[in-house]
Amino acid sequence: QLQASGGGLVQAGGSLTLACAASIRTFSSYAVGWFRQAPGKEREFVAVFSGDSTIYTDRVKGRFTISRDDAKSTVYLQMNNLKPEDTAIYYCAADLVVMSTTPMYWGQGTLVTVSS
């Protein structure tokens, strides 16, 4: 239902844009967001786009931007000024109206590696 792409290897200070294409009817009715899981750590929230609002974890605020294109049923995560601690598998998620801790849909994950 969700297909994430755009991960890769980048040097610290660099940028990447992740994309997540959805095959969900009424995509515009869903809150969409990104989570990440670093090696040896639990999955954590990164950003969400719900209604007209966006919310970010403090760890990425000011560096990452989440956006969505409902006509393409796609959500994006623009990541700037990347840091080694941003290294993780990034997962997109979609939940009806409001993002919960157990979203209805998960993408398969895309690996982002930031070298120092």
# chains A, B, ... in the order shown; residues from 1 in each chain; ligands from 1

call {"tool": "residues_around", "arguments": {"residues": "A:Ala88", "least_positions_apart": "3", "cutoff": "9 Å", "atoms": "only C-alpha atoms", "output": "PDB file with N, CA, C and O atoms, in the first residue's frame"}}
result
ATOM      1  N   ARG A  36      11.449   6.527  11.917  1.00  0.00           N
ATOM      2  CA  ARG A  36      12.766   5.970  11.599  1.00  0.00           C
ATOM      3  C   ARG A  36      13.233   5.051  12.726  1.00  0.00           C
ATOM      4  O   ARG A  36      12.809   5.188  13.873  1.00  0.00           O
ATOM      5  N   GLN A  37      14.102   4.138  12.353  1.00  0.00           N
ATOM      6  CA  GLN A  37      14.663   3.205  13.317  1.00  0.00           C
ATOM      7  C   GLN A  37      16.154   3.081  13.068  1.00  0.00           C
ATOM      8  O   GLN A  37      16.585   2.582  12.021  1.00  0.00           O
ATOM      9  N   ALA A  38      16.913   3.565  14.028  1.00  0.00           N
ATOM     10  CA  ALA A  38      18.371   3.473  13.945  1.00  0.00           C
ATOM     11  C   ALA A  38      18.819   2.102  14.451  1.00  0.00           C
ATOM     12  O   ALA A  38      18.091   1.448  15.202  1.00  0.00           O
ATOM     13  N   PRO A  39      19.997   1.671  14.058  1.00  0.00           N
ATOM     14  CA  PRO A  39      20.502   0.357  14.511  1.00  0.00           C
ATOM     15  C   PRO A  39      20.511   0.246  16.027  1.00  0.00           C
ATOM     16  O   PRO A  39      21.040   1.115  16.722  1.00  0.00           O
ATOM     17  N   GLU A  85      23.746  11.079  13.116  1.00  0.00           N
ATOM     18  CA  GLU A  85      22.703  10.518  13.977  1.00  0.00           C
ATOM     19  C   GLU A  85      21.357  10.394  13.266  1.00  0.00           C
ATOM     20  O   GLU A  85      20.407   9.841  13.826  1.00  0.00           O
ATOM     21  N   THR A 110      13.195   2.625   3.863  1.00  0.00           N
ATOM     22  CA  THR A 110      14.297   2.960   2.971  1.00  0.00           C
ATOM     23  C   THR A 110      15.466   3.424   3.837  1.00  0.00           C
ATOM     24  O   THR A 110      15.287   4.195   4.777  1.00  0.00           O
ATOM     25  N   LEU A 111      16.661   2.935   3.542  1.00  0.00           N
ATOM     26  CA  LEU A 111      17.824   3.167   4.390  1.00  0.00           C
ATOM     27  C   LEU A 111      18.504   4.477   4.035  1.00  0.00           C
ATOM     28  O   LEU A 111      18.828   4.737   2.872  1.00  0.00           O
ATOM     29  N   VAL A 112      18.728   5.275   5.064  1.00  0.00           N
ATOM     30  CA  VAL A 112      19.495   6.508   4.935  1.00  0.00           C
ATOM     31  C   VAL A 112      20.755   6.362   5.780  1.00  0.00           C
ATOM     32  O   VAL A 112      20.670   6.084   6.976  1.00  0.00           O
ATOM     33  N   THR A 113      21.897   6.557   5.153  1.00  0.00           N
ATOM     34  CA  THR A 113      23.173   6.468   5.846  1.00  0.00           C
ATOM     35  C   THR A 113      23.906   7.790   5.676  1.00  0.00           C
ATOM     36  O   THR A 113      24.137   8.225   4.552  1.00  0.00           O
ATOM     37  N   VAL A 114      24.250   8.403   6.796  1.00  0.00           N
ATOM     38  CA  VAL A 114      24.955   9.682   6.773  1.00  0.00           C
ATOM     39  C   VAL A 114      26.366   9.468   7.316  1.00  0.00           C
ATOM     40  O   VAL A 114      26.541   9.070   8.470  1.00  0.00           O
TER      41      VAL A 114
END

call {"tool": "residues_around", "arguments": {"residues": "stretch 61-70 of chain A", "least_positions_apart": "5", "cutoff": "7 Å", "atoms": "only C-alpha atoms", "output": "list in words"}}
result
Phe27, Ser28, Ala47, Phe49, Tyr56, Val75, Tyr76, Leu77, Gln78, Met79, Asn80 and Asn81 of chain A

call {"tool": "select_by_dssp", "arguments": {"residues": "chain A", "states": "strand (DSSP E)", "output": "count of residues only"}}
result
63

call {"tool": "closest_residue", "arguments": {"among": "A:Asp58, A:Asp86, A:Asp95, A:Asp52", "to": "A:Ser115", "atoms": "only C-alpha atoms"}}
result
A:Asp86

call {"tool": "closest_residue", "arguments": {"among": "A:Ile55, A:Val46, A:Ala93, A:Met99", "to": "A:Leu2", "atoms": "only C-alpha atoms"}}
result
A:Ala93

call {"tool": "closest_residue", "arguments": {"among": "A:Phe35, A:Tyr30, A:Tyr90, A:Trp106", "to": "A:Gly51", "atoms": "only C-alpha atoms"}}
result
A:Tyr30

call {"tool": "select_by_dssp", "arguments": {"residues": "stretch 12-104 of chain A", "states": "helix (DSSP H, G or I)", "output": "list in words"}}
result
Phe27, Ser28, Ser29, Pro84, Glu85 and Asp86 of chain A

call {"tool": "closest_residue", "arguments": {"among": "A:Tyr105, A:Ser116, A:Ile89, A:Ser100", "to": "A:Gly40", "atoms": "only C-alpha atoms"}}
result
A:Ile89

call {"tool": "closest_residue", "arguments": {"among": "A:Cys92, A:Ala21, A:Val10, A:Ala71", "to": "A:Gly109", "atoms": "only C-alpha atoms"}}
result
A:Cys92

call {"tool": "atom_distance", "arguments": {"atom1": "atom CA of A:Leu9", "atom2": "atom CA of A:Ala94"}}
result
25.6 Å

call {"tool": "atom_distance", "arguments": {"atom1": "atom CA of A:Gln1", "atom2": "atom CA of A:Ile24"}}
result
6.4 Å

call {"tool": "atom_distance", "arguments": {"atom1": "atom CA of A:Pro84", "atom2": "atom CA of A:Gln11"}}
result
8.2 Å

call {"tool": "closest_residue", "arguments": {"among": "A:Ser23, A:Gln108, A:Ser15, A:Ser50", "to": "A:Ser73", "atoms": "only C-alpha atoms"}}
result
A:Ser23
